[in-house]
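Here's input-v1.cif, which has mmCIF, C-alpha atoms:
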```cif
data_query
#
loop_
_atom_site.label_atom_id
_atom_site.label_comp_id
_atom_site.auth_asym_id
_atom_site.auth_seq_id
_atom_site.Cartn_x
_atom_site.Cartn_y
_atom_site.Cartn_z
CA MET A 1 -11.95 27.36 119.51
CA ASN A 2 -11.63 24.15 117.49
CA ARG A 3 -8.86 21.60 117.75
CA ASP A 4 -6.86 23.02 114.89
CA GLU A 5 -6.99 26.53 116.33
CA LEU A 6 -5.96 25.14 119.70
CA ALA A 7 -3.04 23.34 118.08
CA LYS A 8 -2.03 26.66 116.51
CA ARG A 9 -2.28 28.39 119.88
CA ILE A 10 0.01 25.78 121.46
CA ALA A 11 2.49 26.08 118.58
CA GLN A 12 2.78 29.81 119.31
CA ASP A 13 3.92 29.05 122.88
CA ILE A 14 6.71 26.68 121.89
CA PRO A 15 9.98 28.54 122.37
CA TYR A 16 12.44 29.26 119.56
CA GLY A 17 14.84 26.35 119.00
CA ALA A 18 12.99 23.96 121.30
CA TYR A 19 13.26 20.16 121.21
CA VAL A 20 9.71 18.88 121.44
CA ASN A 21 7.87 15.58 121.74
CA LEU A 22 4.23 15.56 120.62
CA GLY A 23 2.12 12.73 122.05
CA ILE A 24 -0.06 10.44 119.98
CA GLY A 25 -3.48 11.80 118.97
CA ALA A 26 -4.51 15.46 119.04
CA PRO A 27 -1.06 16.79 120.10
CA THR A 28 0.38 15.71 116.73
CA LEU A 29 -1.72 18.50 115.15
CA VAL A 30 0.64 21.01 116.76
CA ALA A 31 3.29 19.99 114.21
CA ASP A 32 1.18 21.42 111.37
CA HIS A 33 1.36 24.90 112.90
CA LEU A 34 5.04 25.19 113.80
CA ASP A 35 6.64 28.14 112.04
CA PRO A 36 9.76 26.76 110.27
CA GLU A 37 11.62 29.95 111.21
CA ARG A 38 11.36 28.99 114.87
CA ASP A 39 13.68 26.01 114.34
CA VAL A 40 11.71 23.59 116.48
CA THR A 41 13.01 20.00 116.36
CA LEU A 42 10.62 17.11 116.91
CA HIS A 43 11.57 13.97 118.80
CA THR A 44 9.70 10.71 118.52
CA GLU A 45 10.41 8.15 121.20
CA ASN A 46 10.81 5.24 118.81
CA GLY A 47 14.21 6.63 117.90
CA LEU A 48 14.24 9.75 115.74
CA LEU A 49 15.20 13.35 116.39
CA GLY A 50 14.30 15.62 113.49
CA MET A 51 10.96 14.08 112.60
CA GLY A 52 9.10 15.68 109.71
CA ARG A 53 5.51 15.54 108.51
CA ALA A 54 3.49 12.43 107.65
CA ALA A 55 4.86 10.63 104.58
CA LYS A 56 2.86 10.70 101.35
CA GLY A 57 2.82 8.40 98.32
CA ASP A 58 6.30 7.21 97.40
CA GLU A 59 7.75 8.64 100.60
CA ILE A 60 6.05 5.96 102.68
CA ASP A 61 8.67 3.63 104.16
CA PRO A 62 7.57 1.09 106.80
CA ASP A 63 10.96 1.48 108.54
CA LEU A 64 10.40 5.19 109.14
CA ILE A 65 7.48 5.70 111.49
CA ASN A 66 6.50 7.80 114.48
CA ALA A 67 5.43 6.63 117.93
CA GLY A 68 1.86 6.31 116.67
CA LYS A 69 3.25 3.92 114.00
CA ILE A 70 2.36 6.39 111.23
CA PRO A 71 4.91 6.69 108.36
CA VAL A 72 6.72 10.03 108.52
CA ILE A 73 9.66 11.71 106.82
CA ALA A 74 12.97 12.63 108.43
CA GLU A 75 14.16 16.24 108.16
CA PRO A 76 17.70 17.06 106.94
CA GLY A 77 19.96 16.75 109.99
CA ALA A 78 17.81 14.06 111.60
CA ALA A 79 19.36 11.31 113.72
CA TYR A 80 18.29 7.77 114.56
CA PHE A 81 19.03 6.08 117.88
CA HIS A 82 17.89 3.07 119.86
CA HIS A 83 15.17 2.98 122.49
CA ALA A 84 17.38 3.23 125.57
CA ASP A 85 19.06 6.35 124.16
CA SER A 86 15.73 7.80 123.13
CA PHE A 87 14.26 7.50 126.60
CA ALA A 88 17.50 8.74 128.15
CA MET A 89 16.96 11.95 126.17
CA MET A 90 13.53 12.17 127.72
CA ARG A 91 14.26 11.06 131.28
CA GLY A 92 17.47 13.06 131.33
CA GLY A 93 15.58 16.32 130.82
CA HIS A 94 16.99 17.08 127.36
CA LEU A 95 13.60 17.79 125.79
CA ASP A 96 12.14 21.25 126.31
CA VAL A 97 8.45 20.59 125.84
CA CYS A 98 6.19 17.58 125.68
CA VAL A 99 2.51 17.91 124.70
CA LEU A 100 0.22 15.08 125.80
CA GLY A 101 -3.44 14.13 125.79
CA ALA A 102 -5.28 13.40 129.04
CA PHE A 103 -8.21 11.63 130.64
CA GLN A 104 -7.83 13.92 133.68
CA VAL A 105 -5.47 16.59 134.93
CA ALA A 106 -5.54 17.73 138.56
CA THR A 107 -5.00 21.32 139.68
CA ASN A 108 -1.73 20.17 141.32
CA GLY A 109 -0.39 18.90 137.97
CA ASP A 110 -1.15 15.18 138.43
CA LEU A 111 -1.86 13.50 135.10
CA ALA A 112 -4.03 10.49 134.26
CA ASN A 113 -3.92 9.42 130.62
CA TRP A 114 -3.07 5.71 130.37
CA HIS A 115 -5.69 3.53 132.03
CA THR A 116 -9.35 3.91 132.86
CA GLY A 117 -8.96 1.39 135.68
CA GLU A 118 -12.06 -0.48 134.51
CA PRO A 119 -11.85 -4.21 135.24
CA ASP A 120 -12.08 -5.31 131.58
CA ALA A 121 -9.65 -2.68 130.28
CA ILE A 122 -6.32 -4.04 129.03
CA PRO A 123 -3.63 -1.86 130.60
CA ALA A 124 -1.24 -0.39 128.01
CA VAL A 125 1.12 2.35 129.10
CA GLY A 126 3.54 2.67 126.18
CA GLY A 127 5.74 5.70 126.74
CA ALA A 128 3.10 7.72 128.62
CA MET A 129 4.72 7.55 132.05
CA ASP A 130 8.18 8.31 130.64
CA LEU A 131 6.83 11.27 128.65
CA ALA A 132 4.91 12.61 131.63
CA ILE A 133 8.09 13.13 133.63
CA GLY A 134 10.44 13.51 130.70
CA ALA A 135 10.50 17.11 129.54
CA LYS A 136 11.35 20.43 131.15
CA GLN A 137 7.71 21.43 130.56
CA VAL A 138 4.81 19.03 130.12
CA TRP A 139 1.68 20.52 128.59
CA VAL A 140 -1.67 18.87 128.11
CA MET A 141 -3.88 19.42 125.08
CA THR A 142 -7.41 18.24 125.65
CA ASP A 143 -11.12 18.98 125.41
CA LEU A 144 -12.20 20.54 128.69
CA LEU A 145 -15.09 18.12 129.06
CA THR A 146 -15.51 14.39 128.53
CA LYS A 147 -18.21 13.12 126.18
CA ASP A 148 -20.63 12.88 129.11
CA GLY A 149 -19.92 16.47 130.13
CA SER A 150 -17.69 16.04 133.18
CA SER A 151 -14.61 18.21 133.55
CA LYS A 152 -11.21 16.72 132.74
CA LEU A 153 -9.63 19.41 134.90
CA VAL A 154 -10.27 18.18 138.42
CA GLU A 155 -9.39 18.74 142.06
CA ALA A 156 -7.88 15.25 142.22
CA CYS A 157 -7.62 12.53 139.56
CA THR A 158 -9.91 9.53 140.00
CA TYR A 159 -8.30 7.51 137.19
CA PRO A 160 -4.97 5.74 137.84
CA LEU A 161 -2.13 8.27 137.62
CA THR A 162 0.41 8.47 134.81
CA GLY A 163 2.62 10.92 136.70
CA LYS A 164 2.51 13.01 139.86
CA GLY A 165 2.67 16.79 139.67
CA CYS A 166 4.19 16.62 136.19
CA VAL A 167 1.94 18.94 134.14
CA SER A 168 2.51 22.69 134.11
CA ARG A 169 -0.11 23.87 131.63
CA VAL A 170 -3.44 22.68 130.22
CA TYR A 171 -4.69 23.85 126.82
CA THR A 172 -8.43 23.40 126.21
CA GLU A 173 -10.92 24.87 123.75
CA ARG A 174 -12.22 27.13 126.56
CA ALA A 175 -9.07 28.26 128.33
CA VAL A 176 -5.37 27.88 128.96
CA ILE A 177 -4.79 26.99 132.59
CA ALA A 178 -1.59 26.83 134.61
CA VAL A 179 -1.45 23.92 137.06
CA GLY A 180 1.11 22.83 139.62
CA PRO A 181 2.04 22.68 143.30
CA GLY A 182 0.56 26.16 143.87
CA GLY A 183 -2.80 25.12 142.36
CA ALA A 184 -4.50 26.14 139.13
CA SER A 185 -4.98 29.59 137.61
CA VAL A 186 -6.32 30.78 134.28
CA ILE A 187 -3.85 32.22 131.77
CA GLU A 188 -6.25 32.90 128.91
CA LEU A 189 -9.96 32.46 128.11
CA PHE A 190 -11.40 31.68 124.64
CA ASP A 191 -14.96 33.03 124.20
CA THR A 192 -15.71 31.93 127.74
CA THR A 193 -16.06 33.90 130.97
CA LEU A 194 -14.33 32.93 134.19
CA ASP A 195 -17.73 32.20 135.73
CA GLU A 196 -18.64 29.89 132.86
CA LEU A 197 -15.32 28.08 133.22
CA ASN A 198 -15.87 27.61 136.95
CA GLU A 199 -19.39 26.38 136.27
CA LEU A 200 -18.11 23.82 133.75
CA THR A 201 -15.23 22.58 135.90
CA GLY A 202 -16.83 22.90 139.32
CA LEU A 203 -13.60 24.61 140.42
CA LYS A 204 -12.97 28.08 141.85
CA LEU A 205 -10.34 29.25 139.40
CA GLU A 206 -8.95 32.78 139.22
CA MET A 207 -7.00 34.62 136.54
CA SER A 208 -3.24 34.35 137.00
CA MET B 1 37.80 -18.80 109.49
CA ARG B 2 35.50 -17.44 112.18
CA THR B 3 31.91 -17.07 111.08
CA LYS B 4 28.61 -16.57 112.85
CA ILE B 5 26.64 -16.98 109.65
CA VAL B 6 24.22 -19.89 109.76
CA PRO B 7 22.65 -21.34 106.60
CA ASP B 8 18.98 -20.94 107.46
CA VAL B 9 16.41 -19.91 110.04
CA ALA B 10 16.15 -23.44 111.48
CA ALA B 11 19.89 -23.42 112.24
CA ALA B 12 19.59 -19.91 113.67
CA LEU B 13 17.00 -21.11 116.17
CA ASP B 14 18.61 -24.45 117.03
CA GLY B 15 18.56 -25.38 120.70
CA ILE B 16 16.05 -22.86 122.06
CA PRO B 17 14.33 -24.75 124.89
CA ASP B 18 10.67 -24.69 125.90
CA GLY B 19 10.11 -22.15 128.67
CA ALA B 20 12.77 -19.76 127.34
CA THR B 21 12.58 -16.01 127.85
CA VAL B 22 12.83 -14.46 124.39
CA LEU B 23 13.59 -10.78 123.79
CA VAL B 24 12.00 -9.78 120.49
CA GLY B 25 13.08 -6.56 118.78
CA GLY B 26 10.75 -4.22 116.94
CA PHE B 27 8.26 -1.42 117.47
CA GLY B 28 5.02 -2.54 115.94
CA LEU B 29 6.13 -4.14 112.69
CA ALA B 30 9.21 -1.93 112.21
CA GLY B 31 12.29 -3.97 112.99
CA GLN B 32 10.30 -7.02 114.04
CA PRO B 33 12.39 -10.11 113.15
CA ILE B 34 9.54 -11.73 111.28
CA ALA B 35 11.52 -14.61 109.71
CA LEU B 36 12.87 -15.67 113.11
CA ILE B 37 9.46 -15.45 114.77
CA ASP B 38 7.90 -17.49 111.95
CA GLY B 39 10.75 -19.97 112.36
CA LEU B 40 10.07 -20.27 116.08
CA LEU B 41 6.45 -21.02 115.25
CA GLU B 42 7.56 -23.76 112.86
CA VAL B 43 10.02 -25.31 115.34
CA GLY B 44 7.21 -25.61 117.88
CA THR B 45 8.98 -24.13 120.93
CA LYS B 46 6.42 -23.51 123.65
CA ASP B 47 5.76 -22.05 127.11
CA LEU B 48 7.71 -18.95 126.10
CA THR B 49 8.00 -15.62 127.87
CA ILE B 50 8.13 -12.90 125.24
CA VAL B 51 9.67 -9.53 126.04
CA ALA B 52 8.80 -6.96 123.37
CA ASN B 53 7.33 -3.51 123.04
CA ASN B 54 4.02 -4.79 121.69
CA ALA B 55 2.03 -8.02 121.93
CA GLY B 56 1.58 -8.65 118.23
CA ASN B 57 -0.09 -6.90 115.31
CA GLY B 58 -2.64 -8.46 112.97
CA ASP B 59 -2.31 -12.21 112.51
CA THR B 60 1.35 -12.55 111.56
CA GLY B 61 4.70 -12.51 113.37
CA LEU B 62 4.31 -12.32 117.15
CA ALA B 63 0.55 -12.49 116.86
CA ALA B 64 0.79 -15.85 115.07
CA LEU B 65 3.05 -17.20 117.82
CA LEU B 66 0.53 -16.09 120.42
CA LYS B 67 -2.37 -17.51 118.46
CA ALA B 68 -0.65 -20.91 118.30
CA GLY B 69 -0.60 -20.99 122.11
CA ARG B 70 3.20 -20.97 122.41
CA VAL B 71 3.45 -18.00 124.73
CA ARG B 72 2.86 -18.19 128.48
CA LYS B 73 3.64 -14.59 129.34
CA VAL B 74 4.18 -11.27 127.60
CA VAL B 75 6.30 -8.47 129.10
CA CYS B 76 5.66 -5.31 127.12
CA SER B 77 4.75 -1.64 127.27
CA PHE B 78 1.85 -1.45 124.86
CA PRO B 79 -0.21 -4.62 124.29
CA ARG B 80 -3.45 -2.94 123.27
CA GLN B 81 -3.49 -1.59 119.72
CA VAL B 82 -6.05 -1.34 116.95
CA ASP B 83 -4.75 -4.59 115.46
CA SER B 84 -3.89 -6.58 118.61
CA TRP B 85 -7.01 -8.78 118.51
CA VAL B 86 -5.07 -12.02 119.01
CA PHE B 87 -3.55 -10.84 122.29
CA ASP B 88 -6.76 -9.14 123.43
CA GLU B 89 -8.76 -12.36 123.10
CA LEU B 90 -6.15 -14.51 124.89
CA TYR B 91 -5.84 -11.97 127.70
CA ARG B 92 -9.58 -11.63 128.21
CA ALA B 93 -9.89 -15.44 128.27
CA GLY B 94 -7.18 -15.59 130.96
CA LYS B 95 -4.91 -17.63 128.69
CA ILE B 96 -1.87 -15.38 128.83
CA GLU B 97 0.00 -13.50 131.56
CA LEU B 98 0.85 -9.84 131.08
CA GLU B 99 3.45 -7.62 132.73
CA VAL B 100 3.12 -4.01 131.62
CA VAL B 101 6.30 -1.93 131.88
CA PRO B 102 6.66 1.75 130.90
CA GLN B 103 8.48 1.86 127.58
CA GLY B 104 11.55 3.73 128.81
CA ASN B 105 11.86 1.54 131.89
CA LEU B 106 11.59 -1.53 129.66
CA ALA B 107 14.41 -0.28 127.41
CA GLU B 108 16.57 0.70 130.39
CA ARG B 109 15.95 -2.58 132.24
CA ILE B 110 17.15 -4.47 129.18
CA ARG B 111 20.09 -2.07 128.79
CA ALA B 112 20.97 -2.69 132.45
CA GLY B 113 20.68 -6.44 131.89
CA GLY B 114 23.18 -6.24 129.06
CA ALA B 115 25.48 -3.78 130.80
CA GLY B 116 25.89 -5.71 134.05
CA ILE B 117 23.96 -3.19 136.14
CA GLY B 118 22.18 -4.69 139.14
CA GLY B 119 19.26 -2.24 139.08
CA PHE B 120 18.64 1.46 138.79
CA PHE B 121 16.46 4.19 140.26
CA SER B 122 14.01 5.61 137.72
CA PRO B 123 11.71 8.61 138.09
CA THR B 124 9.25 7.03 135.64
CA GLY B 125 6.14 5.61 137.25
CA VAL B 126 6.63 7.09 140.72
CA GLY B 127 3.29 7.20 142.53
CA THR B 128 1.52 5.03 139.92
CA LEU B 129 0.11 1.48 139.84
CA LEU B 130 3.19 0.29 137.96
CA ALA B 131 5.50 1.23 140.84
CA GLU B 132 3.45 -0.40 143.59
CA GLY B 133 5.54 -2.53 145.92
CA LYS B 134 8.82 -1.21 144.52
CA GLU B 135 11.47 0.41 146.68
CA GLU B 136 11.38 4.22 146.54
CA ARG B 137 14.32 6.46 147.23
CA VAL B 138 14.71 10.23 147.38
CA ILE B 139 17.93 11.34 145.69
CA ASP B 140 18.76 15.06 145.69
CA GLY B 141 15.16 15.84 146.58
CA LYS B 142 13.59 13.81 143.76
CA THR B 143 11.74 10.51 144.20
CA TYR B 144 12.76 7.42 142.21
CA VAL B 145 11.73 3.76 142.14
CA LEU B 146 14.08 0.82 142.00
CA GLU B 147 13.89 -1.07 138.70
CA SER B 148 15.52 -4.45 138.12
CA PRO B 149 17.64 -5.50 135.14
CA MET B 150 16.09 -7.77 132.53
CA LYS B 151 17.80 -10.49 130.50
CA GLY B 152 16.75 -13.08 127.97
CA ASP B 153 17.80 -16.63 127.21
CA VAL B 154 17.50 -15.59 123.59
CA ALA B 155 17.25 -12.30 121.69
CA LEU B 156 15.71 -12.26 118.22
CA ILE B 157 17.01 -9.23 116.35
CA GLY B 158 15.75 -7.63 113.15
CA ALA B 159 18.78 -5.91 111.57
CA PHE B 160 19.41 -4.58 108.07
CA LYS B 161 22.95 -5.64 107.22
CA GLY B 162 25.50 -7.79 109.01
CA ASP B 163 28.86 -9.47 108.43
CA ARG B 164 30.23 -12.89 109.34
CA LEU B 165 31.81 -11.48 112.49
CA GLY B 166 28.37 -10.43 113.78
CA ASN B 167 28.56 -6.66 113.29
CA LEU B 168 25.09 -5.23 112.63
CA VAL B 169 23.49 -2.07 111.30
CA TYR B 170 19.82 -1.17 111.24
CA ARG B 171 17.59 0.99 109.11
CA GLU B 172 15.83 4.19 110.22
CA THR B 173 13.39 3.72 113.11
CA SER B 174 13.44 -0.07 112.74
CA ARG B 175 16.48 0.16 115.02
CA ASN B 176 14.30 0.75 118.15
CA PHE B 177 14.74 -2.00 120.77
CA ASN B 178 16.97 -4.21 118.62
CA PRO B 179 20.47 -2.99 119.59
CA VAL B 180 19.52 -2.91 123.29
CA MET B 181 18.13 -6.44 123.25
CA ALA B 182 21.16 -7.72 121.32
CA THR B 183 23.27 -7.00 124.41
CA ALA B 184 21.07 -8.72 126.97
CA ALA B 185 20.65 -12.38 126.01
CA THR B 186 22.62 -15.58 126.41
CA LEU B 187 22.04 -16.32 122.71
CA THR B 188 21.64 -13.39 120.31
CA VAL B 189 20.30 -14.32 116.89
CA ALA B 190 20.06 -11.69 114.16
CA GLN B 191 18.19 -11.84 110.90
CA VAL B 192 19.65 -9.49 108.29
CA ASP B 193 18.41 -8.54 104.86
CA GLN B 194 21.90 -8.80 103.50
CA ILE B 195 25.25 -10.22 104.59
CA VAL B 196 28.18 -8.05 103.51
CA GLU B 197 31.93 -8.63 103.46
CA VAL B 198 33.97 -7.95 106.57
CA GLY B 199 35.18 -4.36 106.26
CA ASP B 200 32.20 -3.19 104.21
CA LEU B 201 30.40 -1.80 107.25
CA ASP B 202 31.87 1.55 108.32
CA PRO B 203 33.42 1.04 111.80
CA GLU B 204 32.15 4.53 112.73
CA SER B 205 28.59 3.48 111.97
CA ILE B 206 28.32 -0.06 113.32
CA VAL B 207 25.48 -0.06 115.84
CA THR B 208 25.82 -3.57 117.28
CA PRO B 209 29.50 -4.56 117.57
CA ALA B 210 30.23 -8.20 116.74
CA LEU B 211 30.72 -9.57 120.26
CA TYR B 212 27.04 -9.27 121.11
CA THR B 213 25.91 -11.40 118.19
CA ASP B 214 26.01 -15.21 118.19
CA ARG B 215 24.27 -16.11 114.94
CA VAL B 216 23.49 -14.24 111.73
CA VAL B 217 21.05 -15.45 109.10
CA GLU B 218 20.36 -13.76 105.79
CA VAL B 219 16.66 -13.51 104.93
CA GLY B 220 16.58 -11.33 101.79
CA MET B 221 15.86 -7.68 101.18
CA ARG B 222 12.72 -6.27 102.80
CA GLU B 223 9.81 -6.02 100.38
CA TRP B 224 9.80 -2.22 99.97
CA LEU B 225 13.49 -2.10 99.03
CA ARG B 226 13.41 -4.81 96.38
#
```

Mind turning the file's structure into structure tokens?
Amino acid sequence: MNRDELAKRIAQDIPYGAYVNLGIGAPTLVADHLDPERDVTLHTENGLLGMGRAAKGDEIDPDLINAGKIPVIAEPGAAYFHHADSFAMMRGGHLDVCVLGAFQVATNGDLANWHTGEPDAIPAVGGAMDLAIGAKQVWVMTDLLTKDGSSKLVEACTYPLTGKGCVSRVYTERAVIAVGPGGASVIELFDTTLDELNELTGLKLEMS
Amino acid sequence: MRTKIVPDVAAALDGIPDGATVLVGGFGLAGQPIALIDGLLEVGTKDLTIVANNAGNGDTGLAALLKAGRVRKVVCSFPRQVDSWVFDELYRAGKIELEVVPQGNLAERIRAGGAGIGGFFSPTGVGTLLAEGKEERVIDGKTYVLESPMKGDVALIGAFKGDRLGNLVYRETSRNFNPVMATAATLTVAQVDQIVEVGDLDPESIVTPALYTDRVVEVGMREWLR
């Protein structure tokens, strides 16, 4: 399953009428697959509820951007607000779903996605920690493996944490996996067997 | 007749001492009070602590202030960006201090500073490097960390329109940190594209009510609206 197909798969799981924040990077692809009839409203933490697609041509307005600083359009019925209000929406549990990228996700739902911890890395957290704890459900969209072939789904994160026990579901090109206090279990496999998944992750996962 | 309008950027920035803590509005370039930052560069104020979401983009605005060696410390959420080479170089050379704060905590700390709140318990950052050494408390079964309020000696605000009383409105997502920062400084200075007559701004839609603003300077319509 490629990234676009994965984005489509995630879009199918977003409930009717949900308020959703899509993290910077791959998660933004989910927006392209949302069925307009499902009335999903997108939030961007720099102060807009009712965010539309990327702006094109004459639509580009440097005052109207998303959290990735990409020009976007505002949908009819959109609202602007300041940063403290925007993060109150998040922290206050008013968003239904947040989809984030990850360096690592642990079977207990711990998330690491902000800092490699390397000595020369410049730490930059942005809204990652607020997003990680800021929706009723936090999902991760990621490749299962890093470029060097190690699993991003792990027993325990080795990178500095973004949030503890905050993720409930991990969407990868190989499988959808539920994570949390009760441990991890596989919801769905994509052209992969359970044995192959366990081989790749080094975990002993079972179907949920 | 009461007016907070000042004739130019130099007058808007008059009296800002070396060593000041300066809250700077904006998210990337959106809402960044470029004219005021450029003015600060011209005035020569140094040893500044800058509180902003980012640590400068490209070579202009905040980045230029950093490049000129006027900034001792940056408090921000997201210093590292594709175009943050000025900050990156200073940081790697050990020439600038950095305090990284999660974006929502940064906004709320400034809000608390302006609202007279002595601190608050936030769930953001619990169990992470950025909460190390901070007091934790379990409230109704959930763990929070104690965050302190943040204030500035000066706030530099990038607004869209303002009046002589100091009422301000913003434009689209260039609002971002600006209205929060406007509440939390001893001296709040706003640049506006356009000064309008008192009564022209709809009272239902004013985002920053006049009492927060100390000085207003008109800088001309932003390029893409001319």

For range 18-29 of chain B, take all atoms listed in the file, fit an axis-aligned box around them, add 8 Å to each of the six sides, then output centre and edge lengths in Å rounded to one decimal, as lines of an AutoDock Vina configuration file.
```
center_x = 9.3
center_y = -13.1
center_z = 120.7
size_x = 24.6
size_y = 39.3
size_z = 32.0
```

Selection result of the PyMOL selection byres ((chain A) within 7 of (chain B)) on this file, as a JSON list (two decimals) with C-alpha atoms, in the frame of the given file:
```json
[["chain", "number", "residue", "atom", "x", "y", "z"],
["A", 46, "ASN", "CA", 10.81, 5.24, 118.81],
["A", 47, "GLY", "CA", 14.21, 6.63, 117.90],
["A", 48, "LEU", "CA", 14.24, 9.75, 115.74],
["A", 62, "PRO", "CA", 7.57, 1.09, 106.80],
["A", 63, "ASP", "CA", 10.96, 1.48, 108.54],
["A", 64, "LEU", "CA", 10.40, 5.19, 109.14],
["A", 65, "ILE", "CA", 7.48, 5.70, 111.49],
["A", 69, "LYS", "CA", 3.25, 3.92, 114.00],
["A", 80, "TYR", "CA", 18.29, 7.77, 114.56],
["A", 82, "HIS", "CA", 17.89, 3.07, 119.86],
["A", 83, "HIS", "CA", 15.17, 2.98, 122.49],
["A", 84, "ALA", "CA", 17.38, 3.23, 125.57],
["A", 87, "PHE", "CA", 14.26, 7.50, 126.60],
["A", 122, "ILE", "CA", -6.32, -4.04, 129.03],
["A", 124, "ALA", "CA", -1.24, -0.39, 128.01],
["A", 125, "VAL", "CA", 1.12, 2.35, 129.10],
["A", 126, "GLY", "CA", 3.54, 2.67, 126.18],
["A", 127, "GLY", "CA", 5.74, 5.70, 126.74],
["A", 129, "MET", "CA", 4.72, 7.55, 132.05],
["A", 130, "ASP", "CA", 8.18, 8.31, 130.64],
["A", 133, "ILE", "CA", 8.09, 13.13, 133.63],
["A", 160, "PRO", "CA", -4.97, 5.74, 137.84],
["A", 161, "LEU", "CA", -2.13, 8.27, 137.62],
["A", 162, "THR", "CA", 0.41, 8.47, 134.81],
["A", 163, "GLY", "CA", 2.62, 10.92, 136.70],
["A", 164, "LYS", "CA", 2.51, 13.01, 139.86]]
```

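One distance worth recording is that between CA of Gly93 in chain A and CA of Lys136 in chain A, which is 5.9 Å.
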
- Message: Using all atoms listed in the file - which residues lie no farther than 12 Å from the point (6.9, 28.2, 115.7) in the file's frame? Write them as a ChimeraX atom specification.
- Response: /A:7-20,30-42

- Query: Residues at most 12 Å from Val167 in chain A, counting only C-alpha atoms, excluding those fewer than 2 positions away in the same chain, as JSON, numbers by chain?
  - Reply: {"A": [97, 98, 99, 100, 101, 102, 104, 105, 106, 107, 108, 109, 110, 111, 112, 113, 129, 131, 132, 133, 134, 135, 136, 137, 138, 139, 140, 141, 153, 161, 162, 163, 164, 165, 169, 170, 171, 177, 178, 179, 180, 181, 183, 184]}

Taking the file as shown, find all residues satisfying the PyMOL selection byres ((chain B and resi 155-166) around 8) and write them as an mmCIF file with C-alpha atoms, in the frame of the given file.
```cif
data_model
loop_
_atom_site.group_PDB
_atom_site.id
_atom_site.type_symbol
_atom_site.label_atom_id
_atom_site.label_comp_id
_atom_site.auth_asym_id
_atom_site.auth_seq_id
_atom_site.Cartn_x
_atom_site.Cartn_y
_atom_site.Cartn_z
ATOM 1 C CA ARG B 2 35.500 -17.440 112.180
ATOM 2 C CA THR B 3 31.910 -17.070 111.080
ATOM 3 C CA LYS B 4 28.610 -16.570 112.850
ATOM 4 C CA ILE B 5 26.640 -16.980 109.650
ATOM 5 C CA VAL B 22 12.830 -14.460 124.390
ATOM 6 C CA LEU B 23 13.590 -10.780 123.790
ATOM 7 C CA VAL B 24 12.000 -9.780 120.490
ATOM 8 C CA GLY B 25 13.080 -6.560 118.780
ATOM 9 C CA GLY B 26 10.750 -4.220 116.940
ATOM 10 C CA GLY B 31 12.290 -3.970 112.990
ATOM 11 C CA GLN B 32 10.300 -7.020 114.040
ATOM 12 C CA PRO B 33 12.390 -10.110 113.150
ATOM 13 C CA ILE B 34 9.540 -11.730 111.280
ATOM 14 C CA LEU B 36 12.870 -15.670 113.110
ATOM 15 C CA ILE B 37 9.460 -15.450 114.770
ATOM 16 C CA GLY B 152 16.750 -13.080 127.970
ATOM 17 C CA ASP B 153 17.800 -16.630 127.210
ATOM 18 C CA VAL B 154 17.500 -15.590 123.590
ATOM 19 C CA ASN B 167 28.560 -6.660 113.290
ATOM 20 C CA LEU B 168 25.090 -5.230 112.630
ATOM 21 C CA VAL B 169 23.490 -2.070 111.300
ATOM 22 C CA TYR B 170 19.820 -1.170 111.240
ATOM 23 C CA ARG B 171 17.590 0.990 109.110
ATOM 24 C CA SER B 174 13.440 -0.070 112.740
ATOM 25 C CA ARG B 175 16.480 0.160 115.020
ATOM 26 C CA ASN B 178 16.970 -4.210 118.620
ATOM 27 C CA PRO B 179 20.470 -2.990 119.590
ATOM 28 C CA MET B 181 18.130 -6.440 123.250
ATOM 29 C CA ALA B 182 21.160 -7.720 121.320
ATOM 30 C CA ALA B 184 21.070 -8.720 126.970
ATOM 31 C CA ALA B 185 20.650 -12.380 126.010
ATOM 32 C CA THR B 186 22.620 -15.580 126.410
ATOM 33 C CA LEU B 187 22.040 -16.320 122.710
ATOM 34 C CA THR B 188 21.640 -13.390 120.310
ATOM 35 C CA VAL B 189 20.300 -14.320 116.890
ATOM 36 C CA ALA B 190 20.060 -11.690 114.160
ATOM 37 C CA GLN B 191 18.190 -11.840 110.900
ATOM 38 C CA VAL B 192 19.650 -9.490 108.290
ATOM 39 C CA ASP B 193 18.410 -8.540 104.860
ATOM 40 C CA GLN B 194 21.900 -8.800 103.500
ATOM 41 C CA ILE B 195 25.250 -10.220 104.590
ATOM 42 C CA VAL B 196 28.180 -8.050 103.510
ATOM 43 C CA GLU B 197 31.930 -8.630 103.460
ATOM 44 C CA VAL B 198 33.970 -7.950 106.570
ATOM 45 C CA LEU B 201 30.400 -1.800 107.250
ATOM 46 C CA PRO B 209 29.500 -4.560 117.570
ATOM 47 C CA ALA B 210 30.230 -8.200 116.740
ATOM 48 C CA LEU B 211 30.720 -9.570 120.260
ATOM 49 C CA TYR B 212 27.040 -9.270 121.110
ATOM 50 C CA THR B 213 25.910 -11.400 118.190
ATOM 51 C CA ASP B 214 26.010 -15.210 118.190
ATOM 52 C CA ARG B 215 24.270 -16.110 114.940
ATOM 53 C CA VAL B 216 23.490 -14.240 111.730
#
```

- Message: I need the output of the PyMOL selection byres ((chain B and resi 146) around 8) for this file as a PyMOL selection string; which residues are they?
- Response: chain B and resi 119-122+134-137+144-145+147-148

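In this structure, CA of Asp200 in chain B sits 19.3 Å away from CA of Val6 in chain B.
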
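For the pair CA of Leu194 in chain A and CA of Val154 in chain A, the separation is 15.9 Å.
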